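Next comes final06.pdb, with PDB, C-alpha atoms, pLDDT in the B column.
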ATOM      1  CA  MET A  16      18.540  20.083   4.869  1.00 68.00           C
ATOM      2  CA  ALA A  17      15.435  18.045   5.724  1.00 72.00           C
ATOM      3  CA  PRO A  18      15.731  14.234   5.457  1.00 82.00           C
ATOM      4  CA  GLU A  19      14.155  12.435   2.531  1.00 91.00           C
ATOM      5  CA  ARG A  20      11.347  10.009   3.293  1.00 93.00           C
ATOM      6  CA  ALA A  21       8.499   8.193   1.561  1.00 95.00           C
ATOM      7  CA  ALA A  22       5.193   9.838   2.491  1.00 96.00           C
ATOM      8  CA  VAL A  23       2.045   7.811   1.806  1.00 97.00           C
ATOM      9  CA  ILE A  24      -1.516   9.100   1.521  1.00 97.00           C
ATOM     10  CA  VAL A  25      -4.326   6.539   1.421  1.00 97.00           C
ATOM     11  CA  ASP A  26      -8.002   7.011   0.679  1.00 96.00           C
ATOM     12  CA  ILE A  27     -10.916   4.598   0.630  1.00 96.00           C
ATOM     13  CA  VAL A  28     -12.278   3.795  -2.826  1.00 95.00           C
ATOM     14  CA  ASP A  29     -16.001   4.695  -3.103  1.00 91.00           C
ATOM     15  CA  SER A  30     -16.231   5.405   0.623  1.00 92.00           C
ATOM     16  CA  LYS A  31     -19.612   7.122   0.196  1.00 89.00           C
ATOM     17  CA  LYS A  32     -21.085   3.889  -1.180  1.00 90.00           C
ATOM     18  CA  LEU A  33     -20.197   1.797   1.893  1.00 92.00           C
ATOM     19  CA  VAL A  34     -23.360   0.683   3.668  1.00 91.00           C
ATOM     20  CA  ASP A  35     -21.820   0.690   7.158  1.00 94.00           C
ATOM     21  CA  ARG A  36     -19.085   3.329   7.100  1.00 93.00           C
ATOM     22  CA  PRO A  37     -18.091   3.041  10.807  1.00 93.00           C
ATOM     23  CA  ALA A  38     -17.737  -0.752  10.511  1.00 94.00           C
ATOM     24  CA  ALA A  39     -15.662  -0.351   7.347  1.00 94.00           C
ATOM     25  CA  GLN A  40     -13.406   2.166   9.093  1.00 95.00           C
ATOM     26  CA  ALA A  41     -12.850  -0.222  11.986  1.00 95.00           C
ATOM     27  CA  ALA A  42     -12.087  -3.098   9.595  1.00 96.00           C
ATOM     28  CA  ILE A  43      -9.567  -1.009   7.660  1.00 96.00           C
ATOM     29  CA  GLU A  44      -7.844   0.164  10.837  1.00 96.00           C
ATOM     30  CA  GLY A  45      -7.600  -3.446  12.006  1.00 97.00           C
ATOM     31  CA  ALA A  46      -6.077  -4.508   8.692  1.00 97.00           C
ATOM     32  CA  PHE A  47      -3.593  -1.639   8.746  1.00 97.00           C
ATOM     33  CA  ALA A  48      -2.527  -2.515  12.293  1.00 97.00           C
ATOM     34  CA  GLY A  49      -1.427  -5.892  10.938  1.00 96.00           C
ATOM     35  CA  VAL A  50       0.479  -4.155   8.151  1.00 97.00           C
ATOM     36  CA  ASP A  51       2.277  -1.935  10.660  1.00 96.00           C
ATOM     37  CA  GLU A  52       3.273  -5.043  12.623  1.00 95.00           C
ATOM     38  CA  LEU A  53       4.625  -6.687   9.469  1.00 95.00           C
ATOM     39  CA  ILE A  54       6.670  -3.668   8.397  1.00 94.00           C
ATOM     40  CA  ALA A  55       8.071  -3.158  11.902  1.00 93.00           C
ATOM     41  CA  ARG A  56       9.785  -6.557  11.758  1.00 90.00           C
ATOM     42  CA  ASP A  57      12.668  -5.348   9.600  1.00 83.00           C
ATOM     43  CA  VAL A  58      12.227  -1.612   9.067  1.00 78.00           C
ATOM     44  CA  PRO A  59      13.825   0.675  11.665  1.00 75.00           C
ATOM     45  CA  SER A  60      11.360   2.636  13.772  1.00 76.00           C
ATOM     46  CA  SER A  61      13.374   5.783  13.148  1.00 76.00           C
ATOM     47  CA  GLY A  62      11.775   7.558  10.218  1.00 80.00           C
ATOM     48  CA  THR A  63       8.721   5.305  10.248  1.00 88.00           C
ATOM     49  CA  GLU A  64       5.233   6.509  11.117  1.00 91.00           C
ATOM     50  CA  PRO A  65       2.475   3.869  10.993  1.00 92.00           C
ATOM     51  CA  LEU A  66      -0.737   4.066   8.999  1.00 95.00           C
ATOM     52  CA  VAL A  67      -3.155   6.311  10.884  1.00 93.00           C
ATOM     53  CA  ALA A  68      -6.558   7.781  10.060  1.00 92.00           C
ATOM     54  CA  THR A  69      -6.497  11.537   9.492  1.00 90.00           C
ATOM     55  CA  VAL A  70      -9.623  13.281   8.155  1.00 87.00           C
ATOM     56  CA  GLY A  71     -12.604  11.882   6.283  1.00 84.00           C
ATOM     57  CA  ASP A  72     -11.661   8.723   4.408  1.00 91.00           C
ATOM     58  CA  GLU A  73      -7.893   9.311   4.456  1.00 94.00           C
ATOM     59  CA  PHE A  74      -4.928   7.665   6.163  1.00 96.00           C
ATOM     60  CA  GLN A  75      -1.257   8.658   6.173  1.00 95.00           C
ATOM     61  CA  ALA A  76       2.088   7.000   6.869  1.00 95.00           C
ATOM     62  CA  VAL A  77       5.811   7.690   6.523  1.00 95.00           C
ATOM     63  CA  TYR A  78       8.588   5.217   5.699  1.00 95.00           C
ATOM     64  CA  PRO A  79      12.380   5.661   5.722  1.00 94.00           C
ATOM     65  CA  THR A  80      12.874   3.962   2.345  1.00 95.00           C
ATOM     66  CA  LEU A  81      10.907   3.727  -0.863  1.00 96.00           C
ATOM     67  CA  GLY A  82      11.211  -0.069  -0.744  1.00 96.00           C
ATOM     68  CA  SER A  83       9.465  -0.252   2.626  1.00 96.00           C
ATOM     69  CA  ALA A  84       6.685   2.018   1.321  1.00 97.00           C
ATOM     70  CA  LEU A  85       6.115  -0.309  -1.644  1.00 98.00           C
ATOM     71  CA  GLU A  86       6.006  -3.317   0.673  1.00 97.00           C
ATOM     72  CA  ALA A  87       3.583  -1.596   3.049  1.00 97.00           C
ATOM     73  CA  THR A  88       1.178  -0.486   0.330  1.00 98.00           C
ATOM     74  CA  LEU A  89       1.095  -3.980  -1.172  1.00 98.00           C
ATOM     75  CA  ALA A  90       0.444  -5.519   2.248  1.00 98.00           C
ATOM     76  CA  ALA A  91      -2.294  -2.966   2.893  1.00 98.00           C
ATOM     77  CA  ARG A  92      -4.193  -3.868  -0.270  1.00 97.00           C
ATOM     78  CA  LEU A  93      -3.889  -7.578   0.392  1.00 98.00           C
ATOM     79  CA  ALA A  94      -4.981  -7.219   4.025  1.00 98.00           C
ATOM     80  CA  LEU A  95      -8.171  -5.268   3.328  1.00 97.00           C
ATOM     81  CA  PRO A  96     -11.424  -7.148   3.970  1.00 93.00           C
ATOM     82  CA  GLU A  97     -13.514  -8.309   1.042  1.00 93.00           C
ATOM     83  CA  GLY A  98     -15.545  -5.526  -0.553  1.00 92.00           C
ATOM     84  CA  ILE A  99     -13.234  -2.716   0.596  1.00 95.00           C
ATOM     85  CA  ASP A 100     -10.401  -1.211  -1.426  1.00 96.00           C
ATOM     86  CA  CYS A 101      -8.014   1.718  -1.011  1.00 97.00           C
ATOM     87  CA  ARG A 102      -5.975   4.010  -3.212  1.00 97.00           C
ATOM     88  CA  PHE A 103      -2.341   4.974  -2.467  1.00 98.00           C
ATOM     89  CA  GLY A 104      -0.193   7.968  -3.320  1.00 98.00           C
ATOM     90  CA  ILE A 105       3.533   7.623  -2.575  1.00 98.00           C
ATOM     91  CA  GLY A 106       5.822  10.650  -2.604  1.00 97.00           C
ATOM     92  CA  TRP A 107       9.596  10.615  -2.145  1.00 96.00           C
ATOM     93  CA  GLY A 108      11.117  13.879  -1.025  1.00 93.00           C
ATOM     94  CA  GLU A 109      11.958  16.100   1.909  1.00 92.00           C
ATOM     95  CA  LEU A 110       9.913  15.889   5.073  1.00 87.00           C
ATOM     96  CA  ARG A 111      10.215  18.290   7.978  1.00 80.00           C
ATOM     97  CA  GLU A 112       8.399  19.109  11.173  1.00 73.00           C
ATOM     98  CA  VAL A 113       6.941  22.617  11.161  1.00 58.00           C
ATOM     99  CA  GLY A 114       5.032  22.607  14.444  1.00 48.00           C
ATOM    100  CA  ARG A 115       3.071  20.607  16.976  1.00 52.00           C
ATOM    101  CA  GLY A 116      -0.637  19.835  16.931  1.00 48.00           C
ATOM    102  CA  THR A 117      -3.118  17.891  19.043  1.00 48.00           C
ATOM    103  CA  ARG A 118      -2.096  14.688  17.228  1.00 53.00           C
ATOM    104  CA  GLY A 119       1.642  15.277  17.457  1.00 53.00           C
ATOM    105  CA  ALA A 120       4.082  16.699  14.919  1.00 59.00           C
ATOM    106  CA  VAL A 121       2.790  18.845  12.065  1.00 60.00           C
ATOM    107  CA  GLN A 122       4.771  17.986   8.940  1.00 69.00           C
ATOM    108  CA  ASP A 123       5.383  19.630   5.604  1.00 72.00           C
ATOM    109  CA  GLY A 124       7.733  19.156   2.694  1.00 87.00           C
ATOM    110  CA  SER A 125       7.950  17.900  -0.867  1.00 91.00           C
ATOM    111  CA  ALA A 126       7.287  14.287   0.186  1.00 93.00           C
ATOM    112  CA  TRP A 127       3.730  15.223   1.183  1.00 94.00           C
ATOM    113  CA  TRP A 128       3.145  17.454  -1.829  1.00 94.00           C
ATOM    114  CA  LEU A 129       4.284  14.654  -4.124  1.00 97.00           C
ATOM    115  CA  ALA A 130       2.170  12.051  -2.312  1.00 97.00           C
ATOM    116  CA  ARG A 131      -0.897  14.244  -2.825  1.00 96.00           C
ATOM    117  CA  ALA A 132      -0.087  14.662  -6.503  1.00 97.00           C
ATOM    118  CA  ALA A 133       0.465  10.906  -6.789  1.00 98.00           C
ATOM    119  CA  ILE A 134      -2.879   9.917  -5.306  1.00 98.00           C
ATOM    120  CA  GLU A 135      -4.661  12.405  -7.556  1.00 97.00           C
ATOM    121  CA  GLU A 136      -2.838  10.909 -10.551  1.00 97.00           C
ATOM    122  CA  ALA A 137      -3.839   7.413  -9.445  1.00 97.00           C
ATOM    123  CA  HIS A 138      -7.467   8.510  -9.258  1.00 95.00           C
ATOM    124  CA  ASP A 139      -7.351  10.111 -12.712  1.00 96.00           C
ATOM    125  CA  ARG A 140      -5.718   7.064 -14.294  1.00 95.00           C
ATOM    126  CA  GLU A 141      -8.138   4.712 -12.556  1.00 94.00           C
ATOM    127  CA  ASP A 142     -11.014   6.670 -14.081  1.00 93.00           C
ATOM    128  CA  SER A 143      -9.532   6.470 -17.584  1.00 91.00           C
ATOM    129  CA  ARG A 144      -7.530   3.682 -19.220  1.00 91.00           C
ATOM    130  CA  THR A 145      -6.315   1.716 -16.191  1.00 95.00           C
ATOM    131  CA  PRO A 146      -9.323   0.931 -13.968  1.00 96.00           C
ATOM    132  CA  THR A 147      -7.366  -1.601 -11.896  1.00 96.00           C
ATOM    133  CA  LEU A 148      -4.737   0.963 -10.872  1.00 97.00           C
ATOM    134  CA  ARG A 149      -4.760   1.868  -7.178  1.00 97.00           C
ATOM    135  CA  SER A 150      -1.237   3.243  -6.565  1.00 98.00           C
ATOM    136  CA  TRP A 151       1.083   5.867  -8.001  1.00 98.00           C
ATOM    137  CA  PHE A 152       4.539   7.193  -7.162  1.00 98.00           C
ATOM    138  CA  ALA A 153       5.955  10.687  -7.596  1.00 98.00           C
ATOM    139  CA  THR A 154       9.382  12.222  -7.027  1.00 95.00           C
ATOM    140  CA  ASP A 155      10.745  15.555  -8.192  1.00 89.00           C
ATOM    141  CA  GLY A 156      14.196  14.172  -8.848  1.00 82.00           C
ATOM    142  CA  ASP A 157      14.739  10.906 -10.727  1.00 90.00           C
ATOM    143  CA  VAL A 158      12.333  10.527 -13.666  1.00 94.00           C
ATOM    144  CA  ARG A 159      13.738   7.100 -14.558  1.00 96.00           C
ATOM    145  CA  LEU A 160      13.097   5.865 -11.009  1.00 96.00           C
ATOM    146  CA  ALA A 161       9.520   7.128 -11.105  1.00 97.00           C
ATOM    147  CA  SER A 162       8.917   5.416 -14.446  1.00 97.00           C
ATOM    148  CA  ALA A 163      10.318   2.093 -13.227  1.00 97.00           C
ATOM    149  CA  VAL A 164       8.365   2.152  -9.952  1.00 98.00           C
ATOM    150  CA  ASN A 165       5.104   3.099 -11.669  1.00 98.00           C
ATOM    151  CA  ALA A 166       5.566   0.309 -14.211  1.00 97.00           C
ATOM    152  CA  TYR A 167       5.785  -2.055 -11.232  1.00 98.00           C
ATOM    153  CA  LEU A 168       2.713  -0.492  -9.588  1.00 98.00           C
ATOM    154  CA  LEU A 169       0.636  -0.768 -12.765  1.00 98.00           C
ATOM    155  CA  THR A 170       1.440  -4.469 -13.035  1.00 97.00           C
ATOM    156  CA  ARG A 171       1.117  -5.135  -9.305  1.00 98.00           C
ATOM    157  CA  ASP A 172      -2.274  -3.485  -9.025  1.00 98.00           C
ATOM    158  CA  HIS A 173      -3.606  -5.283 -12.086  1.00 97.00           C
ATOM    159  CA  LEU A 174      -2.674  -8.655 -10.586  1.00 98.00           C
ATOM    160  CA  VAL A 175      -4.004  -7.834  -7.106  1.00 98.00           C
ATOM    161  CA  SER A 176      -7.253  -6.433  -8.504  1.00 97.00           C
ATOM    162  CA  ALA A 177      -7.811  -9.684 -10.413  1.00 97.00           C
ATOM    163  CA  MET A 178      -7.221 -11.886  -7.334  1.00 98.00           C
ATOM    164  CA  SER A 179     -10.058 -13.656  -5.578  1.00 97.00           C
ATOM    165  CA  PRO A 180     -10.469 -12.907  -1.859  1.00 97.00           C
ATOM    166  CA  ARG A 181      -8.846 -16.262  -1.078  1.00 98.00           C
ATOM    167  CA  ALA A 182      -5.882 -15.567  -3.356  1.00 98.00           C
ATOM    168  CA  ARG A 183      -5.344 -12.244  -1.581  1.00 98.00           C
ATOM    169  CA  ARG A 184      -5.464 -13.929   1.817  1.00 98.00           C
ATOM    170  CA  LEU A 185      -2.982 -16.574   0.731  1.00 98.00           C
ATOM    171  CA  THR A 186      -0.624 -14.006  -0.751  1.00 98.00           C
ATOM    172  CA  TYR A 187      -0.815 -11.854   2.374  1.00 98.00           C
ATOM    173  CA  GLY A 188      -0.305 -14.866   4.607  1.00 98.00           C
ATOM    174  CA  THR A 189       2.782 -15.838   2.627  1.00 98.00           C
ATOM    175  CA  MET A 190       4.033 -12.275   2.887  1.00 97.00           C
ATOM    176  CA  ARG A 191       3.700 -12.519   6.663  1.00 97.00           C
ATOM    177  CA  GLY A 192       5.808 -15.688   6.669  1.00 96.00           C
ATOM    178  CA  ARG A 193       3.063 -18.216   7.345  1.00 97.00           C
ATOM    179  CA  LEU A 194       3.708 -21.767   6.121  1.00 97.00           C
ATOM    180  CA  GLN A 195       1.647 -23.166   3.257  1.00 97.00           C
ATOM    181  CA  ALA A 196       0.430 -25.999   5.489  1.00 97.00           C
ATOM    182  CA  GLU A 197      -0.848 -23.444   7.994  1.00 97.00           C
ATOM    183  CA  LEU A 198      -2.583 -21.438   5.271  1.00 98.00           C
ATOM    184  CA  ALA A 199      -4.144 -24.624   3.896  1.00 98.00           C
ATOM    185  CA  ASP A 200      -5.594 -25.520   7.298  1.00 97.00           C
ATOM    186  CA  ALA A 201      -7.038 -22.029   7.715  1.00 97.00           C
ATOM    187  CA  GLU A 202      -8.711 -22.153   4.287  1.00 97.00           C
ATOM    188  CA  GLY A 203      -9.804 -25.787   4.474  1.00 97.00           C
ATOM    189  CA  ILE A 204      -7.877 -26.732   1.330  1.00 97.00           C
ATOM    190  CA  SER A 205      -4.809 -28.808   0.499  1.00 97.00           C
ATOM    191  CA  GLN A 206      -1.273 -27.499   0.608  1.00 97.00           C
ATOM    192  CA  GLY A 207      -1.047 -28.194  -3.118  1.00 97.00           C
ATOM    193  CA  ALA A 208      -4.049 -25.927  -3.694  1.00 98.00           C
ATOM    194  CA  VAL A 209      -2.283 -23.130  -1.804  1.00 98.00           C
ATOM    195  CA  SER A 210       0.803 -23.486  -3.972  1.00 97.00           C
ATOM    196  CA  GLN A 211      -1.297 -23.615  -7.128  1.00 97.00           C
ATOM    197  CA  SER A 212      -3.228 -20.478  -6.128  1.00 98.00           C
ATOM    198  CA  LEU A 213      -0.043 -18.516  -5.462  1.00 98.00           C
ATOM    199  CA  ARG A 214       1.271 -19.442  -8.916  1.00 97.00           C
ATOM    200  CA  ARG A 215      -1.924 -18.916 -10.903  1.00 97.00           C
ATOM    201  CA  SER A 216      -2.993 -15.668  -9.229  1.00 98.00           C
ATOM    202  CA  GLY A 217       0.422 -14.116  -9.657  1.00 98.00           C
ATOM    203  CA  GLY A 218       0.748 -13.773  -5.893  1.00 98.00           C
ATOM    204  CA  MET A 219       4.192 -15.303  -5.720  1.00 97.00           C
ATOM    205  CA  SER A 220       5.393 -13.209  -8.653  1.00 97.00           C
ATOM    206  CA  VAL A 221       4.156 -10.011  -6.977  1.00 98.00           C
ATOM    207  CA  LEU A 222       5.890 -10.935  -3.725  1.00 98.00           C
ATOM    208  CA  THR A 223       9.145 -11.751  -5.514  1.00 97.00           C
ATOM    209  CA  ALA A 224       9.089  -8.471  -7.468  1.00 97.00           C
ATOM    210  CA  THR A 225       8.335  -6.471  -4.333  1.00 97.00           C
ATOM    211  CA  ALA A 226      11.150  -8.112  -2.386  1.00 96.00           C
ATOM    212  CA  ALA A 227      13.580  -7.364  -5.218  1.00 96.00           C
ATOM    213  CA  LEU A 228      12.584  -3.708  -5.321  1.00 94.00           C
ATOM    214  CA  LYS A 229      12.713  -3.417  -1.553  1.00 93.00           C
ATOM    215  CA  ALA A 230      16.284  -4.734  -1.550  1.00 93.00           C
ATOM    216  CA  ALA A 231      17.292  -2.303  -4.283  1.00 93.00           C
ATOM    217  CA  LEU A 232      15.536   0.773  -2.888  1.00 89.00           C
TER     218      LEU A 232
END
Turn this file's structure into structure tokens for me.
Amino acid sequence: MAPERAAVIVDIVDSKKLVDRPAAQAAIEGAFAGVDELIARDVPSSGTEPLVATVGDEFQAVYPTLGSALEATLAARLALPEGIDCRFGIGWGELREVGRGTRGAVQDGSAWWLARAAIEEAHDREDSRTPTLRSWFATDGDVRLASAVNAYLLTRDHLVSAMSPRARRLTYGTMRGRLQAELADAEGISQGAVSQSLRRSGGMSVLTATAALKAAL
């Protein structure tokens, strides 16, 4: 039986509207490299495949746990440069190697099928009643788990979408373990202003919720 993993498909929101597409691609890849570094600190390399560009405006990644996938997708949104956003589909299921290609292993399995369905669902919901939604989760097993995780994603994405660029930077910096004094120096503000921003933007609440889910999943 193939192992279960969290497969993640990422696409760039409104990629055709970007004025300098190559520069945007380079900026996204740089941001995702930082995310991969963050996740590698406490997630075993076995079963983990970092965020890599595939075709067109898409990226893919694999994580050994659902919790690490949720952490990575949050970090990815926070790390993106101003004016660029991405959409995420997370699928939990079987993942198996079916061959070898020029880029390495060719994979298949329900994790990828579910990730594709999830990102399509995220797009549909974003276009309807939840315009701030950027992430969705799908699994073919536990409906209650999917409902709980998607409730978290709906709330998380709403808060992140409402953040100013500075609030995102401060939240991401905190996620990476940087001290508030260090973040204050980088932004040219007081340490008290950093603390206030993390409270008012919901950044600290998002980080606390994500850490709790990561520990549970």
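Of the listed residues (A:Asp200, A:Asp172, A:Gly98, A:Ser150), A:Gly98 comes nearest to A:Val34; the distances count only C-alpha atoms.
Candidate residues A:Val175, A:Ile27, A:Ala90, A:Ala22 were compared for distance to A:Phe47, and the nearest is A:Ala90, using all atoms listed in the file.
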So what do you get for atom CA of A:Glu97 versus atom CA of A:Glu44, distance-wise? 14.1 Å
Picked residues, the PyMOL selection byres ((chain A and resi 153) around 9), expected as a PyMOL selection string: chain A and resi 104-108+126+129-130+132-133+151-152+154-155+158+161+165
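The smallest atom-to-atom distance between A:Glu73 and any of A:Pro180, A:Ser162, A:Cys101, A:Gly203, using all atoms listed in the file, is found for A:Cys101.
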